[in-house]
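Source file: start_9.txt. Holds: compact mmCIF, C-alpha atoms.
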# COMPACT_ATOMS: atom_id res chain seq x y z
CA MET V 1 -21.48 -45.08 -41.56
CA SER V 2 -20.76 -43.72 -45.01
CA SER V 3 -21.40 -40.59 -47.03
CA LYS V 4 -22.26 -39.71 -50.61
CA PHE V 5 -18.69 -38.41 -50.95
CA ASP V 6 -17.06 -41.81 -50.39
CA GLN V 7 -17.02 -42.39 -54.14
CA ASN V 8 -14.97 -39.26 -54.83
CA PRO V 9 -11.32 -40.27 -54.29
CA VAL V 10 -8.50 -38.30 -55.88
CA ALA V 11 -5.18 -40.11 -56.35
CA ALA V 12 -2.01 -38.30 -55.31
CA GLY V 13 -0.84 -38.23 -58.92
CA ASP V 14 -4.08 -36.55 -60.04
CA LEU V 15 -4.42 -33.92 -57.31
CA ARG V 16 -2.30 -31.27 -59.01
CA ALA V 17 -4.26 -31.60 -62.26
CA PHE V 18 -7.51 -31.52 -60.27
CA LEU V 19 -6.51 -28.24 -58.61
CA ILE V 20 -5.47 -26.71 -61.95
CA GLU V 21 -8.74 -27.71 -63.64
CA LYS V 22 -10.76 -26.32 -60.74
CA PRO V 23 -8.72 -23.40 -59.35
CA GLU V 24 -11.56 -22.46 -57.00
CA THR V 25 -11.02 -25.78 -55.15
CA VAL V 26 -10.21 -25.51 -51.44
CA LEU V 27 -7.68 -28.04 -50.11
CA ILE V 28 -8.26 -28.94 -46.44
CA ASP V 29 -5.80 -30.67 -44.11
CA LEU V 30 -7.83 -32.52 -41.43
CA LEU V 31 -5.04 -33.20 -38.92
CA PRO V 32 -4.25 -31.35 -35.66
CA PRO V 33 -2.73 -27.87 -35.99
CA GLU V 34 0.65 -28.97 -34.65
CA HIS V 35 0.84 -31.65 -37.32
CA PHE V 36 -0.22 -29.17 -40.00
CA VAL V 37 2.52 -26.76 -38.93
CA SER V 38 5.01 -29.62 -39.09
CA ARG V 39 3.97 -31.10 -42.45
CA HIS V 40 1.23 -30.54 -45.01
CA VAL V 41 0.49 -30.63 -48.73
CA PRO V 42 1.41 -27.29 -50.36
CA GLY V 43 -1.56 -24.96 -50.63
CA ALA V 44 -3.62 -26.68 -47.93
CA GLN V 45 -5.50 -24.94 -45.12
CA ASN V 46 -6.17 -26.54 -41.76
CA ALA V 47 -9.45 -27.58 -40.11
CA CYS V 48 -8.86 -30.36 -37.60
CA VAL V 49 -11.55 -33.05 -37.76
CA PHE V 50 -10.85 -34.00 -34.13
CA HIS V 51 -11.93 -30.56 -32.88
CA VAL V 52 -15.51 -30.21 -31.67
CA SER V 53 -15.55 -26.97 -33.67
CA PHE V 54 -14.57 -28.72 -36.95
CA LEU V 55 -17.58 -27.59 -39.00
CA ASP V 56 -17.33 -24.03 -37.64
CA ASP V 57 -13.60 -23.96 -38.43
CA LEU V 58 -14.36 -25.25 -41.90
CA ALA V 59 -17.06 -22.61 -42.43
CA ALA V 60 -14.52 -19.91 -41.60
CA ILE V 61 -12.39 -21.18 -44.52
CA VAL V 62 -15.15 -22.19 -46.96
CA SER V 63 -18.05 -19.76 -46.78
CA ASP V 64 -19.86 -21.23 -49.82
CA LYS V 65 -20.86 -24.89 -49.47
CA ARG V 66 -21.18 -25.17 -53.24
CA LEU V 67 -17.41 -24.76 -53.78
CA PRO V 68 -15.34 -27.86 -54.66
CA ILE V 69 -13.34 -29.11 -51.68
CA VAL V 70 -10.63 -31.76 -51.36
CA VAL V 71 -9.88 -33.03 -47.86
CA TYR V 72 -7.06 -35.27 -46.70
CA GLY V 73 -5.98 -37.02 -43.54
CA SER V 74 -2.98 -39.07 -42.50
CA SER V 75 -2.97 -42.36 -44.43
CA VAL V 76 -5.10 -45.17 -45.79
CA ARG V 77 -5.09 -46.71 -42.26
CA SER V 78 -6.63 -43.67 -40.58
CA ARG V 79 -10.35 -42.87 -40.62
CA ASP V 80 -9.90 -39.10 -40.32
CA ALA V 81 -11.02 -38.36 -43.89
CA ALA V 82 -13.97 -40.79 -43.66
CA VAL V 83 -15.23 -39.07 -40.52
CA ALA V 84 -14.85 -35.64 -42.16
CA LEU V 85 -16.83 -36.77 -45.21
CA GLU V 86 -19.69 -37.96 -43.00
CA LYS V 87 -19.79 -34.65 -41.12
CA MET V 88 -19.63 -32.59 -44.31
CA ASP V 89 -22.37 -34.69 -45.92
CA ARG V 90 -24.67 -34.05 -42.96
CA ALA V 91 -23.76 -30.34 -43.10
CA ASN V 92 -24.90 -30.18 -46.75
CA PHE V 93 -21.62 -29.46 -48.50
CA GLU V 94 -22.10 -30.20 -52.19
CA GLN V 95 -18.75 -31.00 -53.87
CA VAL V 96 -16.32 -32.86 -51.61
CA SER V 97 -13.53 -35.19 -52.68
CA PHE V 98 -10.72 -36.76 -50.67
CA LEU V 99 -7.04 -37.41 -51.32
CA LYS V 100 -6.78 -41.19 -51.32
CA GLY V 101 -4.14 -42.31 -48.78
CA GLY V 102 -3.76 -38.83 -47.33
CA VAL V 103 -0.49 -37.03 -46.72
CA GLU V 104 1.36 -40.37 -46.61
CA ALA V 105 0.29 -41.20 -50.17
CA TRP V 106 1.19 -37.71 -51.37
CA HIS V 107 4.70 -38.01 -49.95
CA GLY V 108 4.98 -41.64 -51.10
CA ALA V 109 4.27 -40.54 -54.67
CA GLY V 110 7.38 -38.35 -54.55
CA TYR V 111 5.72 -34.98 -54.03
CA ASP V 112 7.14 -32.37 -51.67
CA LEU V 113 5.62 -31.40 -48.35
CA GLU V 114 5.71 -28.02 -46.61
CA GLY V 115 6.17 -27.25 -42.93
CA GLU V 116 8.68 -26.90 -40.14
CA ALA V 117 9.62 -30.62 -40.11
CA PRO V 118 7.97 -32.15 -43.17
CA TYR V 119 9.76 -35.50 -43.08
CA GLN V 120 9.79 -36.22 -39.34
CA GLN V 121 8.41 -39.63 -38.35
CA ASP V 122 5.06 -39.63 -36.55
CA LEU V 123 5.63 -40.84 -32.97
CA GLN V 124 2.03 -40.48 -31.79
CA THR V 125 0.45 -43.69 -33.10
CA MET V 126 2.84 -46.47 -32.11
CA VAL V 127 4.95 -46.69 -28.94
CA ASN V 128 8.76 -46.77 -29.11
CA LEU V 129 10.59 -46.46 -25.80
CA THR V 130 14.19 -45.35 -25.32
CA ASP V 131 16.54 -47.59 -23.33
CA GLY V 132 17.83 -46.18 -20.04
CA GLN V 133 17.25 -45.61 -16.34
CA TYR V 134 14.11 -43.74 -15.29
CA THR V 135 12.98 -42.30 -11.94
CA VAL V 136 9.31 -42.35 -11.01
CA ASP V 137 7.79 -38.89 -10.52
CA CYS V 138 5.88 -39.53 -7.29
CA GLU V 139 3.94 -36.26 -7.46
CA ALA V 140 2.63 -37.01 -10.95
CA SER V 141 2.08 -40.74 -10.31
CA GLU V 142 -1.08 -42.10 -8.68
CA LEU V 143 -2.40 -45.28 -7.09
CA GLU V 144 -6.17 -45.30 -6.61
CA TRP V 145 -8.16 -48.06 -4.94
CA ALA V 146 -11.80 -49.10 -4.71
CA GLY V 147 -13.20 -51.51 -2.13
CA ARG V 148 -16.79 -52.72 -1.88
CA ASN V 149 -19.31 -54.34 0.43
CA PRO V 150 -22.93 -55.34 -0.17
CA ASN V 151 -24.16 -51.81 0.64
CA CYS V 152 -21.63 -49.39 -0.85
CA ARG V 153 -18.26 -48.71 -2.44
CA HIS V 154 -15.35 -46.83 -0.94
CA ILE V 155 -12.65 -45.22 -3.08
CA GLY V 156 -9.37 -43.57 -2.22
CA THR V 157 -5.67 -43.23 -2.81
CA VAL V 158 -2.34 -44.36 -1.40
CA ASP V 159 0.95 -42.54 -2.06
CA ILE V 160 3.82 -43.85 -4.13
CA ALA V 161 6.96 -43.12 -2.10
CA ARG V 162 9.65 -43.83 -4.70
CA GLY V 163 10.38 -45.90 -7.76
CA GLU V 164 13.07 -46.75 -10.29
CA ILE V 165 12.48 -48.11 -13.80
CA GLU V 166 14.86 -49.56 -16.38
CA ILE V 167 14.12 -50.02 -20.08
CA LYS V 168 16.34 -52.32 -22.08
CA GLY V 169 15.43 -53.61 -25.52
CA SER V 170 11.85 -52.34 -25.05
CA VAL V 171 11.48 -54.49 -21.89
CA ILE V 172 10.60 -52.61 -18.69
CA THR V 173 11.70 -53.68 -15.19
CA GLY V 174 11.86 -51.88 -11.85
CA ALA V 175 10.45 -51.48 -8.37
CA ILE V 176 7.81 -49.17 -6.86
CA GLU V 177 7.55 -48.50 -3.12
CA ILE V 178 4.11 -47.64 -1.71
CA ASP V 179 3.62 -45.83 1.62
CA MET V 180 0.77 -47.79 3.23
CA ASN V 181 0.39 -45.25 6.06
CA THR V 182 -0.95 -42.77 3.50
CA ILE V 183 -4.14 -44.75 2.81
CA HIS V 184 -6.74 -42.05 2.18
CA ASN V 185 -10.48 -42.30 1.58
CA ILE V 186 -12.16 -39.91 -0.86
CA ASN V 187 -15.88 -40.69 -0.97
CA LEU V 188 -16.41 -39.93 2.75
CA GLU V 189 -14.54 -36.60 2.58
CA GLY V 190 -15.84 -34.36 5.38
CA ASP V 191 -17.85 -37.16 7.02
CA GLU V 192 -17.06 -38.15 10.61
CA LEU V 193 -16.74 -41.75 9.41
CA GLN V 194 -13.82 -40.94 7.08
CA PRO V 195 -11.07 -41.07 9.77
CA VAL V 196 -12.73 -44.16 11.26
CA LEU V 197 -12.51 -46.00 7.94
CA GLU V 198 -8.92 -44.88 7.32
CA ALA V 199 -7.86 -46.02 10.78
CA HIS V 200 -9.58 -49.35 10.23
CA LEU V 201 -7.75 -49.85 6.92
CA ARG V 202 -4.43 -49.17 8.65
CA SER V 203 -5.24 -51.55 11.52
CA ASP V 204 -4.37 -55.23 11.81
CA ASP V 205 -7.82 -56.09 10.44
CA PHE V 206 -6.65 -54.90 7.03
CA PHE V 207 -3.16 -53.72 6.06
CA PHE V 208 -1.51 -53.60 9.54
CA THR V 209 0.64 -50.60 8.60
CA LYS V 210 2.27 -50.38 12.04
CA MET V 211 3.98 -53.70 11.29
CA PHE V 212 4.10 -53.39 7.48
CA PRO V 213 4.41 -49.67 6.62
CA LYS V 214 5.30 -50.17 2.99
CA ALA V 215 4.33 -52.32 0.03
CA VAL V 216 6.56 -52.98 -2.96
CA LEU V 217 5.50 -53.63 -6.53
CA SER V 218 8.44 -55.39 -8.19
CA ILE V 219 8.12 -55.16 -11.96
CA ARG V 220 9.70 -58.35 -13.27
CA GLN V 221 8.97 -57.91 -16.95
CA VAL V 222 6.86 -55.59 -19.08
CA LYS V 223 6.74 -56.67 -22.73
CA ARG V 224 5.12 -55.12 -25.78
CA ILE V 225 1.81 -56.38 -27.15
CA GLU V 226 1.96 -56.16 -30.94
CA PRO V 227 0.74 -54.10 -32.68
CA CYS V 228 1.72 -51.60 -30.00
CA TRP V 229 -1.10 -49.05 -30.41
CA LEU V 230 -0.74 -45.95 -28.29
CA THR V 231 -4.26 -45.72 -26.87
CA GLY V 232 -5.02 -49.35 -25.98
CA PRO V 233 -3.40 -51.90 -23.67
CA ASN V 234 -0.02 -52.30 -25.37
CA HIS V 235 2.19 -54.00 -22.75
CA HIS V 236 1.79 -57.12 -20.59
CA VAL V 237 3.10 -56.79 -17.04
CA LYS V 238 4.52 -59.57 -14.90
CA ALA V 239 5.11 -58.35 -11.37
CA GLU V 240 5.22 -59.28 -7.71
CA LEU V 241 3.33 -57.37 -5.03
CA SER V 242 4.74 -57.58 -1.51
CA LEU V 243 2.03 -56.48 0.93
CA ARG V 244 1.48 -57.17 4.62
CA GLY V 245 4.51 -59.46 4.63
CA VAL V 246 3.30 -61.63 1.75
CA SER V 247 4.61 -61.64 -1.83
CA VAL V 248 2.28 -62.71 -4.65
CA ASP V 249 2.80 -62.79 -8.40
CA LEU V 250 0.59 -60.56 -10.55
CA GLU V 251 -0.07 -60.27 -14.27
CA PHE V 252 -2.04 -57.50 -15.97
CA ASP V 253 -2.10 -55.42 -19.13
CA ALA V 254 -1.09 -51.75 -19.22
CA THR V 255 -1.08 -48.84 -21.61
CA VAL V 256 2.33 -47.19 -22.04
CA ALA V 257 2.70 -43.84 -23.80
CA LEU V 258 5.41 -41.25 -24.33
CA ILE V 259 4.77 -37.83 -22.83
CA GLU V 260 6.69 -34.55 -22.71
CA GLY V 261 10.45 -34.72 -22.87
CA ASP V 262 11.98 -38.14 -22.28
CA SER V 263 9.21 -39.26 -19.93
CA PHE V 264 6.63 -41.99 -20.29
CA VAL V 265 3.44 -43.00 -18.50
CA LEU V 266 2.25 -46.51 -17.63
CA GLU V 267 -1.48 -46.76 -16.91
CA ALA V 268 -3.17 -49.95 -15.70
CA HIS V 269 -6.48 -51.02 -14.13
CA PHE V 270 -6.84 -54.40 -12.47
CA ASP V 271 -8.33 -56.25 -9.51
CA ILE V 272 -6.52 -58.08 -6.75
CA ASP V 273 -7.92 -60.63 -4.30
CA ARG V 274 -6.88 -59.14 -0.94
CA THR V 275 -7.16 -62.50 0.80
CA ARG V 276 -4.05 -63.71 -1.05
CA TRP V 277 -2.13 -61.27 1.19
CA ASN V 278 -3.90 -62.47 4.35
CA VAL V 279 -6.23 -59.45 4.40
CA ILE V 280 -9.25 -61.55 5.32
CA TYR V 281 -11.44 -59.24 7.43
CA GLY V 282 -15.10 -59.50 6.38
CA SER V 283 -14.54 -62.36 3.93
CA THR V 284 -17.14 -65.11 4.06
CA ARG V 285 -14.49 -67.51 2.81
CA PHE V 286 -12.93 -67.27 6.28
CA PHE V 287 -15.71 -66.16 8.67
CA GLU V 288 -19.35 -66.95 9.40
CA TYR V 289 -22.12 -64.80 10.87
CA LEU V 290 -20.48 -61.56 9.70
CA GLY V 291 -23.71 -59.58 9.57
CA MET V 292 -22.97 -55.96 8.56
CA HIS V 293 -19.21 -56.60 8.51
CA LYS V 294 -19.05 -58.30 5.11
CA VAL V 295 -16.39 -56.90 2.73
CA PHE V 296 -15.94 -58.15 -0.82
CA ASP V 297 -12.63 -59.88 -1.47
CA LEU V 298 -11.64 -57.98 -4.63
CA ILE V 299 -9.97 -54.57 -4.55
CA SER V 300 -9.76 -52.57 -7.78
CA LEU V 301 -6.53 -50.71 -8.41
CA GLN V 302 -5.84 -47.94 -10.89
CA LEU V 303 -2.10 -47.39 -11.29
CA ARG V 304 -0.55 -44.44 -13.11
CA LEU V 305 3.25 -44.29 -13.18
CA VAL V 306 5.02 -41.30 -14.68
CA ALA V 307 8.77 -41.77 -15.08
CA GLY V 308 11.58 -39.78 -16.66
CA HIS V 309 15.35 -39.46 -16.80

structure tokens encoding of this file:
Amino acid sequence: MSSKFDQNPVAAGDLRAFLIEKPETVLIDLLPPEHFVSRHVPGAQNACVFHVSFLDDLAAIVSDKRLPIVVYGSSVRSRDAAVALEKMDRANFEQVSFLKGGVEAWHGAGYDLEGEAPYQQDLQTMVNLTDGQYTVDCEASELEWAGRNPNCRHIGTVDIARGEIEIKGSVITGAIEIDMNTIHNINLEGDELQPVLEAHLRSDDFFFTKMFPKAVLSIRQVKRIEPCWLTGPNHHVKAELSLRGVSVDLEFDATVALIEGDSFVLEAHFDIDRTRWNVIYGSTRFFEYLGMHKVFDLISLQLRLVAGH
């Protein structure tokens, strides 16, 4: 989409003159409040375009839609200003321009910024991990599963017992231990069939937890996918899953992101073929005349690992 304001760019070198010529102009920083507090163009006010309340926040600053307004976002790569122009066009603002290249262009042109940390590098767009040893936070980490048959889907969780991670040269390795006796079903919560299903999953028909109480996910190598965007799959994982006495190689993509402190999160969603670990109950690849006992071979896993120093 586009707006009628797309043809109203103001270069960084011309913004000061623009503001002097039109002193009634309102300068709007479109980035989150924490970024605005950290760094902004002098004289700007803040209305975050990512907030659902953006237009209401803007109206609290600019009560007259006929006033000239200049908005700016992060950089030429970011669509924050373009989105704001579309919203303001639909909201019937009359005179809107945008700072071409945003706060990055302003600073790049040699002009000063204001704020608590005006020249700090933005760490929220690309991922840069710190080398070191990390311990998995088992309370914050999760392993969810989904299994299916022709009639329904069952979902649940299994606990991560412990885990250690090492990062060296942006490559992640480590090992995660999974307590298979904690297999828990969610969708039958409160139903008399819930404990029946959980007991069946722990039995020798499925994961035989009496003989194999734990599984281990050995992370052989986790390497960056360039460009390493924060919100998409940005690392490729090579691992080995040891389950029910069988070890099988796995590969899948994951999203890795920094969180509070020195911690990071690894989030991944992938399917495994349970029969590769000799979990063959209900599989028509191994049995005939199963009737109501058919179970699809694929299990979907959603893994969330939180690790810190």

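As for atom CA of Gly232 of chain V and atom CA of Ala254 of chain V, they are spaced 8.2 Å apart.
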
What are the closest atom pairs, with distances in Å to one decimal, for all residues of segment 223-305 of chain V lying within 9 Å of segment 168-192 of chain V? Consider only C-alpha atoms, order rows by chain and residue number, and present the result as CSV.
residue,atom,partner,partner_atom,distance
V:Lys223,CA,V:Val171,CA,5.3
V:Arg224,CA,V:Ser170,CA,7.3
V:Val237,CA,V:Ile172,CA,8.7
V:Ala239,CA,V:Thr173,CA,8.9

* Structure fact -> One decimal place gives the atom CA of Ala146 of chain V-atom CA of Leu301 of chain V separation as 6.6 Å

* To do: For Asp137 of chain V, list every protein, DNA or RNA residue within 10 Å, evaluated using all atoms listed in the file, and leave out those in the same chain fewer than 6 positions away; present the list as a ChimeraX atom specification.
  => /V:160-164,263,265,305-309

How big is the axis-aligned box, and where does its centre sit, when it encloses all atoms of segment 108-111 of chain V listed in the file and has 8 Å added on every side, reported in Å to one decimal as JSON?
{"center_x": 5.8, "center_y": -38.3, "center_z": -52.9, "size_x": 19.1, "size_y": 22.7, "size_z": 19.6}

* Could you check which of V:His35, V:Arg244, V:Arg220, V:His293 is closest to Asp204 of chain V, using all atoms listed in the file? =>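 That would be V:Arg244, the residue with the smallest distance to Asp204 of chain V.
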
* Spatial sel., origin (-2.0, -45.3, -13.2), limit 6 Å, all atoms listed in the file, listed as an MDAnalysis selection string -> chainID V and resid 142 267:268 302:305

* Give the answer as one residue: which of V:Glu260, V:Asp159, V:Glu166, V:Glu198 has the shortest atom-to-atom distance to Glu144 of chain V, using all atoms listed in the file? =>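 Distance minimum relative to Glu144 of chain V lands on V:Asp159.
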
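Shown here are all protein and nucleic acid residues lying within 10 Å of (4.4, -57.1, -7.4), with only C-alpha atoms considered: Ala175, Ile176, Ala215, Val216, Leu217, Ser218, Ile219, Arg220, Val237, Lys238, Ala239, Glu240, Leu241, Ser242, Leu243, Ser247, Val248, Asp249, Leu250 and Glu251 of chain V.
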
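One distance worth recording is that between atom CA of Pro195 of chain V and atom CA of Trp277 of chain V, which is 23.7 Å.
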
* **Selected residue, from V:Val127, V:Leu201, V:Ala140, V:Met292, that lies nearest to Ile225 of chain V when counting only C-alpha atoms** => V:Val127

With a cut-off of 8 Å, could you pull out the residues of segment 41-148 of chain V touching segment 25-34 of chain V and give me the nearest pair of atoms for each, distance in Å to one decimal, using all atoms listed in the file, ordered by chain and ascending number, as JSON lines?
{"residue": "V:Val41", "atom": "CA", "partner": "V:Asp29", "partner_atom": "CA", "distance": 7.8}
{"residue": "V:Gly43", "atom": "CA", "partner": "V:Leu27", "partner_atom": "CA", "distance": 6.9}
{"residue": "V:Ala44", "atom": "CA", "partner": "V:Leu27", "partner_atom": "CA", "distance": 4.8}
{"residue": "V:Gln45", "atom": "CA", "partner": "V:Ile28", "partner_atom": "CA", "distance": 5.0}
{"residue": "V:Asn46", "atom": "CA", "partner": "V:Asp29", "partner_atom": "CA", "distance": 4.8}
{"residue": "V:Ala47", "atom": "CA", "partner": "V:Leu30", "partner_atom": "CA", "distance": 5.4}
{"residue": "V:Cys48", "atom": "CA", "partner": "V:Leu30", "partner_atom": "CA", "distance": 4.5}
{"residue": "V:Val49", "atom": "CA", "partner": "V:Leu30", "partner_atom": "CA", "distance": 5.3}
{"residue": "V:Phe50", "atom": "CA", "partner": "V:Pro32", "partner_atom": "CA", "distance": 7.3}
{"residue": "V:Val62", "atom": "CA", "partner": "V:Val26", "partner_atom": "CA", "distance": 7.4}
{"residue": "V:Leu67", "atom": "CA", "partner": "V:Thr25", "partner_atom": "CA", "distance": 6.6}
{"residue": "V:Pro68", "atom": "CA", "partner": "V:Thr25", "partner_atom": "CA", "distance": 4.8}
{"residue": "V:Ile69", "atom": "CA", "partner": "V:Val26", "partner_atom": "CA", "distance": 4.8}
{"residue": "V:Val70", "atom": "CA", "partner": "V:Leu27", "partner_atom": "CA", "distance": 4.9}
{"residue": "V:Val71", "atom": "CA", "partner": "V:Ile28", "partner_atom": "CA", "distance": 4.6}
{"residue": "V:Tyr72", "atom": "CA", "partner": "V:Asp29", "partner_atom": "CA", "distance": 5.4}
{"residue": "V:Gly73", "atom": "CA", "partner": "V:Leu30", "partner_atom": "CA", "distance": 5.3}
{"residue": "V:Ser74", "atom": "CA", "partner": "V:Leu31", "partner_atom": "CA", "distance": 7.2}
{"residue": "V:Asp80", "atom": "CA", "partner": "V:Leu30", "partner_atom": "CA", "distance": 7.0}
{"residue": "V:Ala81", "atom": "CA", "partner": "V:Leu30", "partner_atom": "CA", "distance": 7.1}
{"residue": "V:Ala84", "atom": "CA", "partner": "V:Leu30", "partner_atom": "CA", "distance": 7.7}

* Nearest residue to Phe18 of chain V from the set V:Ile165, V:Leu99, V:Ala60, V:Val295 (distances using only C-alpha atoms) ->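 When distances to Phe18 of chain V are compared using only C-alpha atoms, the smallest one comes from V:Leu99.
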
* **Counting all atoms listed in the file, the residue of V:Asp253, V:Ser283, V:Phe212, V:Val10 that sits nearest Arg148 of chain V** =>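 With all atoms listed in the file as the atom set, the closest residue is V:Ser283.
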